[in-house]
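Raw contents of entry15.cif, mmCIF, C-alpha atoms:
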data_data
loop_
_atom_site.label_atom_id
_atom_site.label_comp_id
_atom_site.auth_asym_id
_atom_site.auth_seq_id
_atom_site.Cartn_x
_atom_site.Cartn_y
_atom_site.Cartn_z
CA MET A 1 0.00 0.00 0.00
CA ILE A 2 2.76 2.43 1.03
CA SER A 3 4.77 1.62 -2.07
CA LYS A 4 1.67 2.27 -4.20
CA ILE A 5 1.27 5.67 -2.60
CA ILE A 6 4.96 6.42 -3.20
CA ASN A 7 4.60 5.37 -6.85
CA MET A 8 1.50 7.55 -7.22
CA ALA A 9 3.37 10.47 -5.68
CA GLU A 10 6.21 9.90 -8.10
CA ARG A 11 3.80 9.92 -10.99
CA MET A 12 2.40 13.29 -9.99
CA LYS A 13 4.71 15.25 -12.21
CA ASP A 14 4.75 18.95 -12.69
CA GLU A 15 5.22 20.80 -15.93
CA GLN A 16 8.98 20.96 -15.50
CA ASP A 17 9.11 17.18 -15.10
CA ARG A 18 7.25 16.72 -18.36
CA LEU A 19 9.48 19.28 -20.04
CA LEU A 20 12.61 17.53 -18.77
CA GLU A 21 11.27 14.16 -19.89
CA SER A 22 10.77 15.48 -23.40
CA MET A 23 14.24 17.08 -23.32
CA PHE A 24 15.92 13.88 -22.12
CA GLU A 25 14.01 11.72 -24.56
CA SER A 26 16.26 10.19 -27.17
CA SER A 27 15.65 8.01 -30.16
CA PRO A 28 16.53 4.33 -29.75
CA ILE A 29 19.99 3.29 -30.91
CA ALA A 30 20.07 0.54 -33.52
CA ASP A 31 21.93 -2.60 -32.48
CA ASN A 32 23.96 -2.87 -35.72
CA GLY A 33 26.01 -5.84 -34.54
CA PHE A 34 26.68 -4.41 -31.08
CA SER A 35 25.13 -7.36 -29.23
CA ARG A 36 26.75 -9.86 -31.59
CA SER A 37 30.22 -8.47 -30.95
CA ILE A 38 29.75 -8.75 -27.17
CA VAL A 39 28.43 -12.31 -27.43
CA ARG A 40 31.48 -13.16 -29.55
CA ARG A 41 33.77 -11.66 -26.89
CA ILE A 42 32.03 -13.66 -24.17
CA ARG A 43 32.29 -16.93 -26.13
CA ARG A 44 36.00 -16.31 -26.68
CA LYS A 45 36.43 -15.61 -22.99
CA LEU A 46 34.59 -18.84 -22.09
CA TRP A 47 36.77 -20.91 -24.39
CA ILE A 48 39.95 -19.36 -23.00
CA ARG A 49 38.74 -20.02 -19.45
CA ARG A 50 37.95 -23.65 -20.32
CA LEU A 51 41.27 -24.25 -22.04
CA ILE A 52 43.48 -22.63 -19.42
CA LEU A 53 43.07 -25.31 -16.77
CA PRO A 54 43.78 -28.40 -18.91
CA ALA A 55 46.64 -26.55 -20.60
CA ALA A 56 48.10 -25.66 -17.21
CA VAL A 57 47.77 -29.28 -16.03
CA LEU A 58 49.47 -30.54 -19.19
CA LEU A 59 52.27 -28.01 -18.92
CA GLY A 60 52.68 -28.66 -15.20
CA GLY A 61 52.74 -32.40 -15.90
CA LEU A 62 55.46 -32.00 -18.49
CA VAL A 63 57.54 -29.85 -16.16
CA ALA A 64 57.00 -32.16 -13.21
CA TYR A 65 57.57 -35.37 -15.19
CA GLN A 66 61.31 -35.69 -14.57
CA PRO A 67 61.40 -34.89 -10.83
CA LEU A 68 58.29 -37.04 -10.33
CA ALA A 69 59.89 -39.93 -12.20
CA ALA A 70 63.05 -39.58 -10.09
CA LEU A 71 60.99 -39.64 -6.90
CA ILE A 72 59.08 -42.73 -7.93
CA LYS A 73 62.34 -44.37 -9.02
CA THR A 74 63.65 -43.85 -5.49
CA LEU A 75 60.49 -45.15 -3.89
CA TYR A 76 59.94 -48.03 -6.29
CA PRO A 77 62.39 -50.54 -4.75
CA LEU A 78 60.97 -49.73 -1.35
CA LEU A 79 57.45 -50.35 -2.63
CA GLN A 80 58.54 -53.68 -4.16
CA ASN A 81 60.12 -54.75 -0.86
CA ILE A 82 56.97 -53.90 1.08
CA THR A 83 54.66 -55.71 -1.31
CA GLY A 84 57.15 -58.57 -1.54
CA ASP A 85 57.11 -58.98 2.22
CA PHE A 86 53.38 -58.76 2.67
CA LEU A 87 51.94 -59.92 -0.62
CA PRO A 88 54.54 -61.99 -2.51
CA SER A 89 52.05 -63.00 -5.18
CA ILE A 90 51.54 -59.45 -6.63
CA SER A 91 55.07 -58.11 -6.35
CA GLY A 92 55.92 -59.44 -9.79
CA SER A 93 52.89 -57.87 -11.44
CA LEU A 94 53.50 -54.23 -10.36
CA PRO A 95 53.40 -51.88 -13.37
CA SER A 96 56.56 -50.25 -14.60
CA LEU A 97 57.65 -46.83 -13.35
CA GLN A 98 56.98 -45.02 -16.64
CA LEU A 99 53.56 -46.60 -16.91
CA ILE A 100 52.58 -45.27 -13.47
CA VAL A 101 53.68 -41.68 -14.24
CA THR A 102 52.11 -41.64 -17.72
CA GLY A 103 48.91 -43.15 -16.34
CA ALA A 104 48.67 -40.52 -13.61
CA LEU A 105 49.16 -37.71 -16.11
CA LEU A 106 46.62 -39.17 -18.53
CA LEU A 107 44.12 -39.56 -15.72
CA ALA A 108 44.53 -35.91 -14.68
CA VAL A 109 44.16 -34.66 -18.25
CA ALA A 110 41.13 -36.89 -18.83
CA LEU A 111 39.43 -35.65 -15.65
CA PHE A 112 39.95 -32.01 -16.61
CA SER A 113 38.82 -32.63 -20.18
CA LEU A 114 35.67 -34.30 -18.88
CA ASN A 115 35.04 -31.35 -16.61
CA MET A 116 35.51 -29.00 -19.56
CA ILE A 117 33.06 -30.94 -21.76
CA GLU A 118 30.47 -30.96 -18.97
CA ASP A 119 30.73 -27.16 -18.67
CA MET B 1 13.09 -17.97 -31.45
CA ALA B 2 10.59 -16.56 -28.92
CA TRP B 3 12.25 -15.45 -25.71
CA GLY B 4 10.50 -14.95 -22.40
CA GLU B 5 10.68 -12.22 -19.81
CA ASP B 6 13.98 -10.72 -18.66
CA HIS B 7 13.85 -12.74 -15.44
CA GLU B 8 13.52 -16.01 -17.35
CA LEU B 9 16.41 -15.11 -19.62
CA VAL B 10 18.60 -14.20 -16.64
CA ALA B 11 17.77 -17.53 -14.98
CA LYS B 12 18.68 -19.35 -18.19
CA VAL B 13 21.98 -17.51 -18.53
CA VAL B 14 22.94 -18.11 -14.90
CA SER B 15 22.03 -21.79 -14.92
CA THR B 16 23.37 -22.82 -18.34
CA GLN B 17 25.69 -19.98 -19.38
CA ASP B 18 23.55 -19.58 -22.49
CA THR B 19 25.26 -16.89 -24.58
CA GLN B 20 22.31 -16.66 -26.99
CA ALA B 21 19.95 -15.77 -24.14
CA PHE B 22 22.42 -13.17 -22.94
CA GLY B 23 22.61 -11.83 -26.49
CA GLU B 24 18.84 -11.34 -26.39
CA LEU B 25 19.15 -9.42 -23.10
CA ILE B 26 21.77 -7.17 -24.72
CA ARG B 27 19.55 -6.60 -27.78
CA ARG B 28 16.68 -5.57 -25.52
CA HIS B 29 18.60 -3.13 -23.36
CA GLN B 30 21.61 -1.91 -25.36
CA SER B 31 19.82 1.22 -26.50
CA HIS B 32 19.00 2.34 -22.94
CA VAL B 33 22.49 1.59 -21.65
CA ARG B 34 24.22 3.31 -24.58
CA ASN B 35 21.96 6.35 -24.37
CA PHE B 36 22.58 6.57 -20.62
CA LEU B 37 26.36 6.44 -21.09
CA ARG B 38 26.28 8.82 -24.04
CA LYS B 39 24.51 11.41 -21.94
CA LEU B 40 26.90 10.83 -19.08
CA THR B 41 30.12 11.05 -21.08
CA GLY B 42 29.08 13.28 -23.97
CA ASP B 43 31.25 11.11 -26.18
CA PHE B 44 29.57 8.50 -28.40
CA ASN B 45 32.65 6.34 -28.97
CA ALA B 46 33.73 6.32 -25.34
CA ALA B 47 30.15 5.58 -24.32
CA ASP B 48 29.95 2.59 -26.65
CA ASP B 49 33.26 1.24 -25.32
CA LEU B 50 31.95 1.62 -21.79
CA ALA B 51 28.69 -0.07 -22.80
CA GLN B 52 30.68 -3.08 -24.05
CA ASP B 53 32.60 -3.22 -20.76
CA CYS B 54 29.33 -2.87 -18.90
CA PHE B 55 27.79 -5.91 -20.63
CA MET B 56 30.97 -7.95 -20.11
CA ARG B 57 30.82 -7.10 -16.43
CA ALA B 58 27.09 -7.87 -16.37
CA TRP B 59 27.87 -11.34 -17.75
CA ASP B 60 30.29 -11.99 -14.87
CA LYS B 61 27.98 -10.55 -12.22
CA LEU B 62 24.62 -11.77 -13.48
CA HIS B 63 24.27 -14.23 -10.60
CA THR B 64 24.13 -11.26 -8.21
CA TYR B 65 20.90 -9.98 -9.79
CA SER B 66 18.27 -10.93 -7.25
CA GLY B 67 15.27 -10.27 -9.49
CA SER B 68 13.68 -7.94 -6.94
CA GLY B 69 13.92 -4.82 -9.12
CA SER B 70 13.78 -4.29 -12.86
CA PHE B 71 16.61 -5.75 -14.90
CA ILE B 72 17.29 -2.42 -16.62
CA GLY B 73 17.70 -0.83 -13.18
CA TRP B 74 20.31 -3.42 -12.28
CA LEU B 75 22.00 -2.99 -15.67
CA LEU B 76 22.21 0.78 -15.25
CA LYS B 77 23.80 0.23 -11.87
CA VAL B 78 26.49 -1.85 -13.60
CA ALA B 79 26.83 0.83 -16.28
CA TYR B 80 27.19 3.60 -13.70
CA THR B 81 29.82 1.61 -11.77
CA THR B 82 31.69 0.95 -15.01
CA PHE B 83 31.58 4.66 -15.82
CA LEU B 84 32.86 5.68 -12.36
CA GLN B 85 35.66 3.11 -12.45
CA SER B 86 36.79 4.20 -15.89
CA LYS B 87 36.71 7.81 -14.72
CA ARG B 88 38.86 6.94 -11.70
CA LYS B 89 41.25 4.97 -13.88
CA SER B 90 41.71 7.81 -16.38
CA LYS B 91 42.14 10.26 -13.50
CA ARG B 92 44.91 8.09 -12.03
CA TYR B 93 46.48 7.79 -15.46
CA ALA B 94 46.36 11.57 -15.88
CA GLU B 95 47.99 12.03 -12.47
CA ILE B 96 50.81 9.64 -13.36
CA LEU B 97 51.39 11.44 -16.65
CA GLU B 98 51.37 14.74 -14.84
CA GLN B 99 53.94 13.44 -12.35
CA VAL B 100 56.30 12.41 -15.11
CA GLY B 101 55.81 15.73 -16.88
CA HIS B 102 53.56 14.72 -19.76
CA VAL B 103 50.90 17.28 -19.01
CA SER B 104 50.18 18.05 -22.63
CA VAL B 105 49.64 14.39 -23.49
CA VAL B 106 46.70 14.09 -21.15
CA GLU B 107 43.64 14.13 -23.28
CA SER B 108 40.13 13.98 -21.99
CA ARG B 109 38.04 11.15 -23.38
CA THR B 110 35.08 13.44 -23.77
CA HIS B 111 35.32 15.25 -27.04
CA THR B 112 34.23 18.86 -27.24
CA LEU B 113 31.02 19.20 -29.11
CA GLN B 114 30.91 21.52 -32.09
CA ALA B 115 28.67 24.56 -31.74
CA ASP B 116 26.05 23.13 -34.09
CA GLU B 117 26.10 19.79 -32.24
CA VAL B 118 25.21 21.32 -28.88
CA THR B 119 21.58 20.66 -28.06
CA ASP B 120 19.43 22.12 -25.31
CA LEU B 121 19.95 18.91 -23.39
CA ASP B 122 23.74 19.29 -23.58
CA LYS B 123 23.39 22.77 -22.14
CA PHE B 124 21.18 21.42 -19.37
CA LEU B 125 23.59 18.60 -18.57
CA ALA B 126 26.57 20.96 -18.53
CA VAL B 127 25.30 22.81 -15.47
CA LEU B 128 24.88 19.60 -13.47
CA SER B 129 27.50 17.77 -11.46
CA GLU B 130 28.40 14.23 -12.52
CA GLU B 131 26.22 12.67 -9.83
CA GLU B 132 23.28 14.95 -10.60
CA ARG B 133 23.65 14.22 -14.29
CA ALA B 134 23.62 10.45 -13.72
CA ILE B 135 20.57 10.61 -11.49
CA MET B 136 18.66 13.01 -13.71
CA VAL B 137 19.36 10.84 -16.77
CA MET B 138 18.25 7.72 -14.90
CA SER B 139 15.07 9.47 -13.87
CA TYR B 140 14.08 11.44 -16.95
CA ALA B 141 15.70 9.54 -19.81
CA CYS B 142 15.46 5.97 -18.54
CA GLY B 143 12.28 6.34 -16.50
CA LEU B 144 13.61 4.66 -13.37
CA SER B 145 11.70 5.15 -10.12
CA HIS B 146 13.37 6.81 -7.14
CA ARG B 147 13.69 3.39 -5.52
CA GLU B 148 15.41 1.94 -8.60
CA ILE B 149 17.78 4.91 -8.79
CA SER B 150 18.52 4.44 -5.10
CA ASP B 151 19.43 0.80 -5.77
CA ALA B 152 21.52 1.74 -8.80
CA THR B 153 23.51 4.46 -7.07
CA SER B 154 23.57 2.97 -3.55
CA MET B 155 22.11 6.20 -2.21
CA PRO B 156 19.13 6.52 0.13
CA VAL B 157 15.82 7.34 -1.60
CA GLY B 158 15.70 10.68 0.25
CA SER B 159 19.09 11.68 -1.14
CA VAL B 160 18.01 10.70 -4.65
CA LYS B 161 14.97 12.94 -4.33
CA SER B 162 17.03 15.87 -3.09
CA VAL B 163 19.60 15.42 -5.89
CA ILE B 164 16.77 15.49 -8.44
CA PHE B 165 15.29 18.57 -6.76
CA ARG B 166 18.71 20.26 -6.74
CA GLY B 167 19.28 19.36 -10.39
CA LYS B 168 15.92 20.76 -11.38
CA GLU B 169 16.62 23.94 -9.46
CA LYS B 170 19.98 24.35 -11.18
CA ILE B 171 18.38 23.92 -14.59
CA ARG B 172 15.53 26.24 -13.65
CA THR B 173 17.84 29.02 -12.46
CA SER B 174 20.49 28.56 -15.17
CA PHE B 175 17.99 28.68 -18.00
CA ASP B 176 15.38 30.85 -16.39
CA ILE B 177 12.62 28.30 -16.82
CA LYS B 178 9.38 29.81 -15.64
CA ASP B 179 6.13 27.93 -15.52
CA HIS B 180 5.90 26.04 -18.79
CA GLN B 181 8.70 27.57 -20.76
CA HIS B 182 12.41 27.29 -21.10
CA GLY B 183 15.02 29.24 -23.00
#
Final structure tokens representation of the file:
Amino acid sequence: MISKIINMAERMKDEQDRLLESMFESSPIADNGFSRSIVRRIRRKLWIRRLILPAAVLLGGLVAYQPLAALIKTLYPLLQNITGDFLPSISGSLPSLQLIVTGALLLAVALFSLNMIED
Amino acid sequence: MAWGEDHELVAKVVSTQDTQAFGELIRRHQSHVRNFLRKLTGDFNAADDLAQDCFMRAWDKLHTYSGSGSFIGWLLKVAYTTFLQSKRKSKRYAEILEQVGHVSVVESRTHTLQADEVTDLDKFLAVLSEEERAIMVMSYACGLSHREISDATSMPVGSVKSVIFRGKEKIRTSFDIKDHQHG
């Protein structure tokens, strides 16, 4: 009710209000590709945003490959000893070092790609 | 394709990042936003650049639109913020240039209108402060209510009313508008 009264009060315009309204009135501006250019900018931005994360993961993976491989190489004999002690039957079937690192990287890239497609 | 109300389009954009729906929102409101910024800056090219920035910002901030007021009110708030930020940025830039001694390089973005380009409205707007100009344009050119202007400018409704009153008084005294005439 109060808001209605306020709106009514706002609508009670004097001559100067009407004069100002006519002075401020302007003809509509034609779109002429304005909206299309913004939509194009937004789509580009979306694609860049979607590509940045997988690209960063890939790049990070490539950079981290060597130190990661060295770390696993150090831990690998230890891992074989542990599994050999506790589970002698599977110690022979452990995947190779390179297979583990490549698999981990592929998994990370696949997860991010899936996330990107879902978006 | 038949599109629904603004609120429906906003919901669609927020939930599915539908760029086509956002394109429709731009098509509907670009004229208002560009006219608002043109009146504020007095420079058509700068206003259109700001309008582009405004819609880009609107895309990022669309989830903050609660739907309680009109969408154009919210959009003009974004446009006004974009305008103020750009103004601050160019002021800072001018200060830096001034500090390093490039005073002459500083060029205002608002171009000076030629004598034959100056309309009555330009004369009216020239006597108003930036804030008064923005509020008067929102009120008289865009038809926003005092409440919507209050939301857009983050000012209390009472202050909005007094700014409009002050603006009208300035115009009245500067141009000697009596009763139903101006000039």
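The residues returned by the PyMOL selection byres ((chain A) within 7 of (chain B)) for this structure are Glu15, Gln16, Leu20, Glu21, Met23, Phe24, Glu25, Pro28, Ile29, Asp31, Ser35, Arg36, Ile38 and Val39 of chain A.
Computed from the coordinates, the CA of Leu76 in chain B to CA of Ile149 in chain B distance equals 8.9 Å.
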* Just give me the gap between CA of Arg41 in chain A and CA of Ser86 in chain B in Å, one decimal is fine. => 19.5 Å
* Picked residues, the PyMOL selection byres ((chain A and resi 44-57) around 12), as a VMD selection string -> (chain A and resid 37 to 43 58 to 65 104 to 119) or (chain B and resid 17 to 19 56 59 to 60)
* To do: Rounded to one decimal place, report the CA of Arg133 in chain B-CA of Val163 in chain B distance in Å.
  =>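 Value for the CA of Arg133 in chain B-CA of Val163 in chain B distance: 9.4 Å.
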* Please identify all polymer residues within 9 Å of range 68-74 of chain A, counting all atoms listed in the file, omitting same-chain residues fewer than 4 positions from it, and present them as a ChimeraX atom specification. => /A:64,78,97-98,100-101
* Close residues, Leu84 in chain B itself excluded, 12 Å, only C-alpha atoms, min 2 positions apart in chain, as a PyMOL selection string -> chain B and resi 37+40-41+50+54+77-82+86-91+130-131+134+153
Give me a file of those residues, with C-alpha atoms, as a PDB file, in the frame of the given file.
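Result went into again15.pdb, see below:
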ATOM      1  CA  LEU B  37      26.360   6.440 -21.090  1.00  0.00           C
ATOM      2  CA  LEU B  40      26.900  10.830 -19.080  1.00  0.00           C
ATOM      3  CA  THR B  41      30.120  11.050 -21.080  1.00  0.00           C
ATOM      4  CA  LEU B  50      31.950   1.620 -21.790  1.00  0.00           C
ATOM      5  CA  CYS B  54      29.330  -2.870 -18.900  1.00  0.00           C
ATOM      6  CA  LYS B  77      23.800   0.230 -11.870  1.00  0.00           C
ATOM      7  CA  VAL B  78      26.490  -1.850 -13.600  1.00  0.00           C
ATOM      8  CA  ALA B  79      26.830   0.830 -16.280  1.00  0.00           C
ATOM      9  CA  TYR B  80      27.190   3.600 -13.700  1.00  0.00           C
ATOM     10  CA  THR B  81      29.820   1.610 -11.770  1.00  0.00           C
ATOM     11  CA  THR B  82      31.690   0.950 -15.010  1.00  0.00           C
ATOM     12  CA  SER B  86      36.790   4.200 -15.890  1.00  0.00           C
ATOM     13  CA  LYS B  87      36.710   7.810 -14.720  1.00  0.00           C
ATOM     14  CA  ARG B  88      38.860   6.940 -11.700  1.00  0.00           C
ATOM     15  CA  LYS B  89      41.250   4.970 -13.880  1.00  0.00           C
ATOM     16  CA  SER B  90      41.710   7.810 -16.380  1.00  0.00           C
ATOM     17  CA  LYS B  91      42.140  10.260 -13.500  1.00  0.00           C
ATOM     18  CA  GLU B 130      28.400  14.230 -12.520  1.00  0.00           C
ATOM     19  CA  GLU B 131      26.220  12.670  -9.830  1.00  0.00           C
ATOM     20  CA  ALA B 134      23.620  10.450 -13.720  1.00  0.00           C
ATOM     21  CA  THR B 153      23.510   4.460  -7.070  1.00  0.00           C
TER      22      THR B 153
END
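Between Ser66 in chain B and the residues B:Gln85, B:His7, B:Leu144, B:Ser150, the shortest atom-to-atom distance, using all atoms listed in the file, involves B:His7.
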